[in-house]
Structures are given as C-alpha cells and as structure tokens.
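Visitor: Sharing a structure, written as structure tokens. Questions coming.
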Amino acid sequence: MKRIIGILFALIVLVSCNSQKAYSDFDISYSKSGGFAPIYENLLIKGNNAMYSFEGQGKKYKQDFKITDEDLKKLDQTLSQNNFRRIQEDHQKIYDNITTSINVKKGPNEGSKTDASAVMPNFKTNWTNITSAFQELININVKKQ
C-alpha cells in the first residue's frame, strides 16, 4: 500500500512540474499584473510559438498562436531602437499599481526589466514604445471572445 501511494505521489509531482515548464521555457515574456482590481496578462514566446493568457475584469482568455518571423524581427528592432538593456528602473515604492515586466532570454537584447517601481523619467518614452509593441502584437493575434 505504501508503495502504491509513493508511486502516485511521484507521478503527481512529475505531472505538476511538467505543467510549469511552459511558464519557464520561453525566449521572450511580457506580463502585466496587479492593480486595485487585479489583472494577470501574460505573453510567452518560444521561437515562432506564442502562448497568451489574460485573467481579470471578470474575463478569462487563453490562446496559443504563431508569430511570423517579420513580427519577431519588428519586436527585436523595437527593443534595440529603444535601448531595452539600458532602461533604468526607479526604486521608489509604488503600491496597487499594474506592473509590466519584460524578460528576453536570448539575442542582443537579453535582459529583464520591470516598471514595478517605475522607470526613470528619461527612459519613460522608450518603455512606452516597447510595451506598445507587445500590446500591438497581442491585439493583432489574439481573438478575444
């Protein structure tokens, strides 16, 4: 009996670890979360495959889609032109704010940035341009019901 329980436990652990793999195995991620009425929006890109999810405002979406090489190139150009790696984060405390985080795991723009504590004033335009490019990619590809 203990052996069966042990095998079941091991199987459950393996399945739960595997389900999180999609959230850690990506080239680029864009996420927004928080606020007074919390929202959770995620876009994970691996190669030409993308996984989008949104939860909040009484709605819940989840959709996988393909991204063209042209869209990936455009996104990479936007990151480069707006000096993604050089954006400086402020370190002030902000509460109940919707936070945006971007992680790039490969390529010349590799890095991680967030506006959780705001972005330094001289980089706000760059940050807005980058986040707008991600939102445009979402708006073009995601069919919300």
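Simple scheme: letters A, B, ... for chains in structure tokens order, numbers from 1 for residues in each chain, numbers from 1 for ligands in the order shown.
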Residues within 8 Å of A:Ala50, please, as a count of residues only. Count only C-alpha atoms; anything in the same chain fewer than 5 positions from it doesn't count.
Guide: 7
Visitor: Run DSSP on the backbone and give me the residues of chain A it puts in helix (DSSP H, G or I), as an NGL selection string.
Guide: :A and (2-19 or 21-24 or 69-81 or 84-86 or 121-141)
Visitor: Report the residues of chain A whose backbone DSSP state falls under strand (DSSP E), written as a ChimeraX atom specification.
Guide: /A:28-34,39-46,49-56,59-66,98-104,111-114
Visitor: Show me, as a PyMOL selection string, the residues that have an atom within 9 Å of A:His91 when counting only C-alpha atoms, minus same-chain residues fewer than 6 positions from it.
Guide: chain A and resi 116-120
Visitor: List the neighbours of A:Asn122 out to 12 Å using only C-alpha atoms; skip same-chain residues closer than 6 positions along the sequence, and give me the result as a ChimeraX atom specification.
Guide: /A:82-83,86-90,128
Visitor: Need to verify the contact set: A:Arg85, 12 Å, only C-alpha atoms, exclusion of same-chain residues closer than 2 positions in sequence. Can you return it as a ChimeraX atom specification?
Guide: /A:76,78-83,87-89,102-105,107-114,123,126-127,130
Visitor: One number please: atom CA of A:Ser31 to atom CA of A:Gln92, in Å, one decimal.
Guide: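 One can read the atom CA of A:Ser31 to atom CA of A:Gln92 distance as 20.5 Å.
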Visitor: By how many Å are atom CA of A:Phe36 and atom CA of A:Ile138 apart?
Guide: 23.1 Å
Visitor: Which residue is closest to A:Ser101? Choose from A:Asp69, A:Gln135, A:Tyr30, A:Asp25 and count only C-alpha atoms.
Guide: A:Tyr30
Visitor: With distances taken over only C-alpha atoms, which of A:Phe84, A:Leu75, A:Ser33, A:Tyr40 is nearest to A:Lys124?
Guide: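 For A:Lys124, the nearest of the candidates is A:Phe84.
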